[in-house]
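Here's coords30.pdb, which has PDB, C-alpha atoms and all ligand atoms:
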```
ATOM      1  CA  MET A   1       0.000   0.000   0.000
ATOM      2  CA  THR A   2       1.417   3.357  -0.900
ATOM      3  CA  GLU A   3       1.549   6.435   1.277
ATOM      4  CA  ASN A   4      -1.330   7.878  -0.746
ATOM      5  CA  THR A   5      -3.775   5.037  -0.413
ATOM      6  CA  LEU A   6      -3.226   5.093   3.351
ATOM      7  CA  ARG A   7      -4.079   8.763   3.579
ATOM      8  CA  VAL A   8      -6.985   8.532   1.172
ATOM      9  CA  ALA A   9      -8.505   5.573   2.977
ATOM     10  CA  LYS A  10      -9.156   7.579   6.105
ATOM     11  CA  ILE A  11     -12.406   9.204   5.067
ATOM     12  CA  LYS A  12     -15.685   7.347   4.640
ATOM     13  CA  ASP A  13     -17.434   9.426   1.979
ATOM     14  CA  GLY A  14     -16.310  12.502   0.158
ATOM     15  CA  THR A  15     -13.517  13.838  -2.013
ATOM     16  CA  VAL A  16      -9.778  13.775  -1.661
ATOM     17  CA  ILE A  17      -7.909  16.293  -3.786
ATOM     18  CA  ASP A  18      -4.358  15.079  -4.071
ATOM     19  CA  HIS A  19      -1.261  16.421  -5.822
ATOM     20  CA  ILE A  20      -2.190  20.037  -5.294
ATOM     21  CA  THR A  21       0.738  22.293  -6.122
ATOM     22  CA  ALA A  22       2.416  22.973  -2.771
ATOM     23  CA  GLY A  23       1.154  26.218  -1.301
ATOM     24  CA  TYR A  24      -2.173  26.161  -3.117
ATOM     25  CA  ALA A  25      -4.412  24.086  -0.828
ATOM     26  CA  LEU A  26      -5.953  27.141   0.810
ATOM     27  CA  GLU A  27      -6.530  28.752  -2.574
ATOM     28  CA  VAL A  28      -8.257  25.584  -3.742
ATOM     29  CA  LEU A  29     -10.594  25.820  -0.743
ATOM     30  CA  LYS A  30     -11.370  29.420  -1.641
ATOM     31  CA  ILE A  31     -12.119  28.573  -5.248
ATOM     32  CA  LEU A  32     -14.511  25.865  -4.033
ATOM     33  CA  GLY A  33     -16.222  28.367  -1.758
ATOM     34  CA  ILE A  34     -15.132  26.553   1.391
ATOM     35  CA  LYS A  35     -14.598  29.036   4.197
ATOM     36  CA  GLY A  36     -14.529  28.962   7.976
ATOM     37  CA  ARG A  37     -18.132  27.916   8.491
ATOM     38  CA  VAL A  38     -18.859  24.702   6.640
ATOM     39  CA  LYS A  39     -20.858  21.639   7.511
ATOM     40  CA  SER A  40     -18.394  19.189   5.990
ATOM     41  CA  ILE A  41     -15.259  18.120   7.781
ATOM     42  CA  VAL A  42     -12.400  19.524   5.729
ATOM     43  CA  SER A  43      -8.817  18.469   6.340
ATOM     44  CA  VAL A  44      -5.908  20.266   4.769
ATOM     45  CA  THR A  45      -2.439  18.770   4.672
ATOM     46  CA  LEU A  46       0.369  20.999   3.537
ATOM     47  CA  ASN A  47       3.780  20.038   2.196
ATOM     48  CA  VAL A  48       3.339  16.290   2.013
ATOM     49  CA  PHE A  49       6.374  14.598   0.514
ATOM     50  CA  SER A  50       5.733  13.517  -3.071
ATOM     51  CA  LYS A  51       8.048  11.452  -5.234
ATOM     52  CA  THR A  52       6.903  13.181  -8.385
ATOM     53  CA  MET A  53       6.387  16.717  -7.136
ATOM     54  CA  GLY A  54       8.849  17.166  -4.259
ATOM     55  CA  SER A  55       6.091  18.409  -2.032
ATOM     56  CA  LYS A  56       2.390  18.759  -2.487
ATOM     57  CA  ASP A  57      -0.745  19.712  -0.612
ATOM     58  CA  MET A  58      -3.825  17.602  -0.037
ATOM     59  CA  VAL A  59      -7.414  18.452   0.807
ATOM     60  CA  LYS A  60     -10.033  16.027   2.103
ATOM     61  CA  ILE A  61     -13.664  17.041   2.081
ATOM     62  CA  GLU A  62     -15.988  14.667   3.874
ATOM     63  CA  GLY A  63     -19.551  14.173   2.717
ATOM     64  CA  ARG A  64     -19.150  16.075  -0.530
ATOM     65  CA  GLU A  65     -18.389  14.868  -4.039
ATOM     66  CA  LEU A  66     -17.026  17.532  -6.336
ATOM     67  CA  LYS A  67     -18.857  18.343  -9.557
ATOM     68  CA  SER A  68     -17.002  18.508 -12.849
ATOM     69  CA  GLU A  69     -17.298  22.307 -12.964
ATOM     70  CA  GLU A  70     -15.578  22.412  -9.581
ATOM     71  CA  VAL A  71     -12.844  20.131 -10.858
ATOM     72  CA  ASP A  72     -12.315  22.585 -13.738
ATOM     73  CA  LYS A  73     -11.857  25.404 -11.252
ATOM     74  CA  ILE A  74      -9.188  23.450  -9.406
ATOM     75  CA  SER A  75      -7.252  22.950 -12.630
ATOM     76  CA  LEU A  76      -6.675  26.709 -12.777
ATOM     77  CA  LEU A  77      -4.686  26.630  -9.546
ATOM     78  CA  ALA A  78      -3.386  23.100  -9.317
ATOM     79  CA  PRO A  79      -2.954  21.703 -12.845
ATOM     80  CA  ARG A  80      -1.534  18.387 -11.594
ATOM     81  CA  ALA A  81      -4.193  17.658  -8.999
ATOM     82  CA  SER A  82      -6.012  14.357  -8.864
ATOM     83  CA  ILE A  83      -9.548  14.032  -7.582
ATOM     84  CA  ASN A  84     -10.525  10.896  -5.691
ATOM     85  CA  ILE A  85     -14.186  10.304  -4.969
ATOM     86  CA  ILE A  86     -14.598   8.147  -1.872
ATOM     87  CA  ARG A  87     -17.624   6.080  -0.972
ATOM     88  CA  ASN A  88     -17.618   3.818   2.024
ATOM     89  CA  TYR A  89     -13.826   4.156   2.421
ATOM     90  CA  LYS A  90     -13.150   3.109  -1.190
ATOM     91  CA  VAL A  91     -11.947   5.203  -4.110
ATOM     92  CA  VAL A  92     -14.805   4.812  -6.610
ATOM     93  CA  ASP A  93     -13.615   7.398  -9.085
ATOM     94  CA  LYS A  94     -10.257   8.963  -9.695
ATOM     95  CA  GLN A  95      -9.694  11.701 -12.213
ATOM     96  CA  LEU A  96      -6.867  14.011 -13.070
ATOM     97  CA  VAL A  97      -7.755  17.640 -13.463
ATOM     98  CA  LYS A  98      -7.237  18.950 -16.931
ATOM     99  CA  LEU A  99      -6.586  22.565 -17.678
ATOM    100  CA  PRO A 100      -9.084  23.480 -20.383
ATOM    101  CA  SER A 101      -8.017  25.677 -23.289
ATOM    102  CA  VAL A 102     -11.125  27.801 -22.855
ATOM    103  CA  ILE A 103     -12.669  28.765 -19.532
ATOM    104  CA  LYS A 104     -16.292  29.863 -19.397
ATOM    105  CA  GLU A 105     -18.213  31.532 -16.583
ATOM    106  CA  ILE A 106     -15.727  30.677 -13.844
ATOM    107  CA  VAL A 107     -13.634  33.821 -13.807
ATOM    108  CA  LYS A 108     -14.860  37.357 -14.388
ATOM    109  CA  CYS A 109     -13.097  39.852 -16.602
ATOM    110  CA  LYS A 110     -11.460  42.661 -14.615
ATOM    111  CA  ASN A 111     -11.941  45.233 -17.318
ATOM    112  CA  PRO A 112     -15.040  47.184 -16.171
ATOM    113  CA  THR A 113     -15.893  48.228 -19.740
ATOM    114  CA  CYS A 114     -15.657  44.683 -21.097
ATOM    115  CA  ILE A 115     -18.853  43.534 -22.801
ATOM    116  CA  SER A 116     -18.877  40.436 -20.563
ATOM    117  CA  ASN A 117     -19.427  42.805 -17.596
ATOM    118  CA  SER A 118     -22.348  44.603 -19.243
ATOM    119  CA  ASN A 119     -25.952  43.548 -19.008
ATOM    120  CA  GLU A 120     -25.656  41.749 -22.327
ATOM    121  CA  PRO A 121     -26.296  38.012 -22.132
ATOM    122  CA  ILE A 122     -22.630  37.255 -22.739
ATOM    123  CA  LYS A 123     -20.750  34.754 -20.665
ATOM    124  CA  ALA A 124     -17.236  35.562 -19.514
ATOM    125  CA  THR A 125     -14.862  33.509 -21.639
ATOM    126  CA  PHE A 126     -11.098  33.249 -21.342
ATOM    127  CA  HIS A 127      -8.407  31.562 -23.374
ATOM    128  CA  VAL A 128      -5.680  29.855 -21.393
ATOM    129  CA  LYS A 129      -2.407  31.296 -22.641
ATOM    130  CA  ILE A 130       0.496  29.729 -20.809
ATOM    131  CA  GLN A 131       0.043  26.439 -19.120
ATOM    132  CA  ASP A 132       2.935  26.490 -16.609
ATOM    133  CA  SER A 133       2.689  30.023 -15.367
ATOM    134  CA  LEU A 134      -0.955  30.530 -16.028
ATOM    135  CA  HIS A 135      -2.348  33.601 -17.718
ATOM    136  CA  ILE A 136      -5.830  33.763 -19.090
ATOM    137  CA  LYS A 137      -6.929  36.204 -21.722
ATOM    138  CA  CYS A 138     -10.438  37.590 -22.092
ATOM    139  CA  HIS A 139     -12.084  36.462 -25.312
ATOM    140  CA  TYR A 140     -13.852  39.807 -25.725
ATOM    141  CA  CYS A 141     -11.404  42.535 -24.706
ATOM    142  CA  GLY A 142      -8.040  40.778 -24.434
ATOM    143  CA  PHE A 143      -7.587  41.642 -20.762
ATOM    144  CA  ILE A 144      -5.037  39.321 -19.122
ATOM    145  CA  ILE A 145      -5.609  37.821 -15.685
ATOM    146  CA  GLU A 146      -2.730  36.149 -13.880
ATOM    147  CA  LYS A 147      -2.998  33.007 -11.819
ATOM    148  CA  GLN A 148      -2.543  34.669  -8.433
ATOM    149  CA  GLU A 149      -5.495  36.977  -9.095
ATOM    150  CA  ILE A 150      -7.944  34.142  -9.677
ATOM    151  CA  PRO A 151      -8.550  33.071  -6.040
ATOM    152  CA  LYS A 152      -9.240  36.694  -5.044
ATOM    153  CA  GLN A 153     -12.372  36.632  -7.184
ATOM    154  CA  PHE A 154     -13.806  33.888  -5.034
ATOM    155  CA  GLU A 155     -13.072  35.567  -1.695
ATOM    156  CA  GLN A 156     -15.694  38.257  -2.037
ATOM    157  CA  LYS A 157     -18.616  35.887  -2.457
TER     158      LYS A 157
HETATM  159 ZN    ZN A 201     -12.893  41.278 -21.027
END
```
Rewrite the structure of this file - the entire thing - as structure tokens.
Ligand SMILES: [Zn+2]
Amino acid sequence: MTENTLRVAKIKDGTVIDHITAGYALEVLKILGIKGRVKSIVSVTLNVFSKTMGSKDMVKIEGRELKSEEVDKISLLAPRASINIIRNYKVVDKQLVKLPSVIKEIVKCKNPTCISNSNEPIKATFHVKIQDSLHIKCHYCGFIIEKQEIPKQFEQK
């Protein structure tokens, strides 16, 4: 049994997000809308040794299975993360996050005059520009948003 299966096996039902880029676990919680007052038990483990990544963070959310749109959000911050869905102590589904080339409706454009911020029925759309150091570019006005600005958008909600 590997170090990972031991850690994953500890929760009964829920989601384990593994291989989060070290330092990003708290940002992942923000992007999922998980703050101080939640009903689920959430465990965060920082700087776990990883053979492939050096160190990584992990998040375990009990009693909640992430939706695919939530998995997409995680890919923006932790492009190597893996999502394990746990039911009755077993991993029933394991998926790697995949950074999409186009992001819709997750992030808002920061340009106040952008048409995606008007009352028009236009959905914010971004093109992913660089996959290692992430920048996303607004489809409508070309405004660039950097990776570290993304979690801030989810803090205000
Ligand atoms: Zn824009």
Suppose you want the space between atom CA of Ala81 of chain A and atom CA of Lys110 of chain A; what is it in Å?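 Atom-to-atom, atom CA of Ala81 of chain A and atom CA of Lys110 of chain A are spaced 26.6 Å apart.
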Run through the PyMOL selection byres (((chain A and resi 13-18) around 6) and not hetatm) on the given coordinates and return the selected residues as a ChimeraX atom specification. /A:11-12,19-20,58-65,81-88
Write out as JSON lines a residue-level contact list of chain A versus ligand ZN 201 (chain A) with cut-off 12 Å: for each qualifying residue the closest pair of atoms and the distance in Å to one decimal, counting all atoms listed in the file, rows sorted by chain and residue number upward.
```
{"residue": "A:Glu105", "atom": "CA", "partner": "A:ZN201", "partner_atom": "ZN", "distance": 12.0}
{"residue": "A:Val107", "atom": "CA", "partner": "A:ZN201", "partner_atom": "ZN", "distance": 10.4}
{"residue": "A:Lys108", "atom": "CA", "partner": "A:ZN201", "partner_atom": "ZN", "distance": 8.0}
{"residue": "A:Cys109", "atom": "CA", "partner": "A:ZN201", "partner_atom": "ZN", "distance": 4.7}
{"residue": "A:Lys110", "atom": "CA", "partner": "A:ZN201", "partner_atom": "ZN", "distance": 6.7}
{"residue": "A:Asn111", "atom": "CA", "partner": "A:ZN201", "partner_atom": "ZN", "distance": 5.5}
{"residue": "A:Pro112", "atom": "CA", "partner": "A:ZN201", "partner_atom": "ZN", "distance": 7.9}
{"residue": "A:Thr113", "atom": "CA", "partner": "A:ZN201", "partner_atom": "ZN", "distance": 7.7}
{"residue": "A:Cys114", "atom": "CA", "partner": "A:ZN201", "partner_atom": "ZN", "distance": 4.4}
{"residue": "A:Ile115", "atom": "CA", "partner": "A:ZN201", "partner_atom": "ZN", "distance": 6.6}
{"residue": "A:Ser116", "atom": "CA", "partner": "A:ZN201", "partner_atom": "ZN", "distance": 6.1}
{"residue": "A:Asn117", "atom": "CA", "partner": "A:ZN201", "partner_atom": "ZN", "distance": 7.5}
{"residue": "A:Ser118", "atom": "CA", "partner": "A:ZN201", "partner_atom": "ZN", "distance": 10.2}
{"residue": "A:Ile122", "atom": "CA", "partner": "A:ZN201", "partner_atom": "ZN", "distance": 10.7}
{"residue": "A:Lys123", "atom": "CA", "partner": "A:ZN201", "partner_atom": "ZN", "distance": 10.2}
{"residue": "A:Ala124", "atom": "CA", "partner": "A:ZN201", "partner_atom": "ZN", "distance": 7.3}
{"residue": "A:Thr125", "atom": "CA", "partner": "A:ZN201", "partner_atom": "ZN", "distance": 8.0}
{"residue": "A:Phe126", "atom": "CA", "partner": "A:ZN201", "partner_atom": "ZN", "distance": 8.2}
{"residue": "A:His127", "atom": "CA", "partner": "A:ZN201", "partner_atom": "ZN", "distance": 11.0}
{"residue": "A:Ile136", "atom": "CA", "partner": "A:ZN201", "partner_atom": "ZN", "distance": 10.5}
{"residue": "A:Lys137", "atom": "CA", "partner": "A:ZN201", "partner_atom": "ZN", "distance": 7.9}
{"residue": "A:Cys138", "atom": "CA", "partner": "A:ZN201", "partner_atom": "ZN", "distance": 4.6}
{"residue": "A:His139", "atom": "CA", "partner": "A:ZN201", "partner_atom": "ZN", "distance": 6.5}
{"residue": "A:Tyr140", "atom": "CA", "partner": "A:ZN201", "partner_atom": "ZN", "distance": 5.0}
{"residue": "A:Cys141", "atom": "CA", "partner": "A:ZN201", "partner_atom": "ZN", "distance": 4.2}
{"residue": "A:Gly142", "atom": "CA", "partner": "A:ZN201", "partner_atom": "ZN", "distance": 6.0}
{"residue": "A:Phe143", "atom": "CA", "partner": "A:ZN201", "partner_atom": "ZN", "distance": 5.3}
{"residue": "A:Ile144", "atom": "CA", "partner": "A:ZN201", "partner_atom": "ZN", "distance": 8.3}
{"residue": "A:Ile145", "atom": "CA", "partner": "A:ZN201", "partner_atom": "ZN", "distance": 9.7}
```
Restricted to C-alpha atoms, what would the selected residues look like written as a short mmCIF file (atom, residue, chain, number, x, y, z; two decimals), in the frame of the given file?
```cif
data_model
loop_
_atom_site.label_atom_id
_atom_site.label_comp_id
_atom_site.auth_asym_id
_atom_site.auth_seq_id
_atom_site.Cartn_x
_atom_site.Cartn_y
_atom_site.Cartn_z
CA GLU A 105 -18.21 31.53 -16.58
CA VAL A 107 -13.63 33.82 -13.81
CA LYS A 108 -14.86 37.36 -14.39
CA CYS A 109 -13.10 39.85 -16.60
CA LYS A 110 -11.46 42.66 -14.62
CA ASN A 111 -11.94 45.23 -17.32
CA PRO A 112 -15.04 47.18 -16.17
CA THR A 113 -15.89 48.23 -19.74
CA CYS A 114 -15.66 44.68 -21.10
CA ILE A 115 -18.85 43.53 -22.80
CA SER A 116 -18.88 40.44 -20.56
CA ASN A 117 -19.43 42.80 -17.60
CA SER A 118 -22.35 44.60 -19.24
CA ILE A 122 -22.63 37.26 -22.74
CA LYS A 123 -20.75 34.75 -20.66
CA ALA A 124 -17.24 35.56 -19.51
CA THR A 125 -14.86 33.51 -21.64
CA PHE A 126 -11.10 33.25 -21.34
CA HIS A 127 -8.41 31.56 -23.37
CA ILE A 136 -5.83 33.76 -19.09
CA LYS A 137 -6.93 36.20 -21.72
CA CYS A 138 -10.44 37.59 -22.09
CA HIS A 139 -12.08 36.46 -25.31
CA TYR A 140 -13.85 39.81 -25.72
CA CYS A 141 -11.40 42.54 -24.71
CA GLY A 142 -8.04 40.78 -24.43
CA PHE A 143 -7.59 41.64 -20.76
CA ILE A 144 -5.04 39.32 -19.12
CA ILE A 145 -5.61 37.82 -15.68
#
```
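One finds atom CA of Ala25 of chain A at 16.3 Å from atom CA of Ser40 of chain A.
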Atomic distance atom CA of Gly23 of chain A - atom CA of Thr52 of chain A, expressed in Å with one decimal: 15.9 Å
Would you mind telling me which residue in A:Lys67, A:Ile130, A:Ile74, A:Val48 lies nearest to Leu29 of chain A when using only C-alpha atoms? A:Ile74
Once the PyMOL selection byres (((chain A and resi 30) around 10) and not hetatm) is applied to the coordinates I shared, what remains selected? I want it as a PyMOL selection string. chain A and resi 24-29+31-35+150-157
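Between Asn47 of chain A and the candidates A:Val97, A:Ala22, A:Val128, A:Val71, the tightest atom-to-atom separation, counting only C-alpha atoms, involves A:Ala22.
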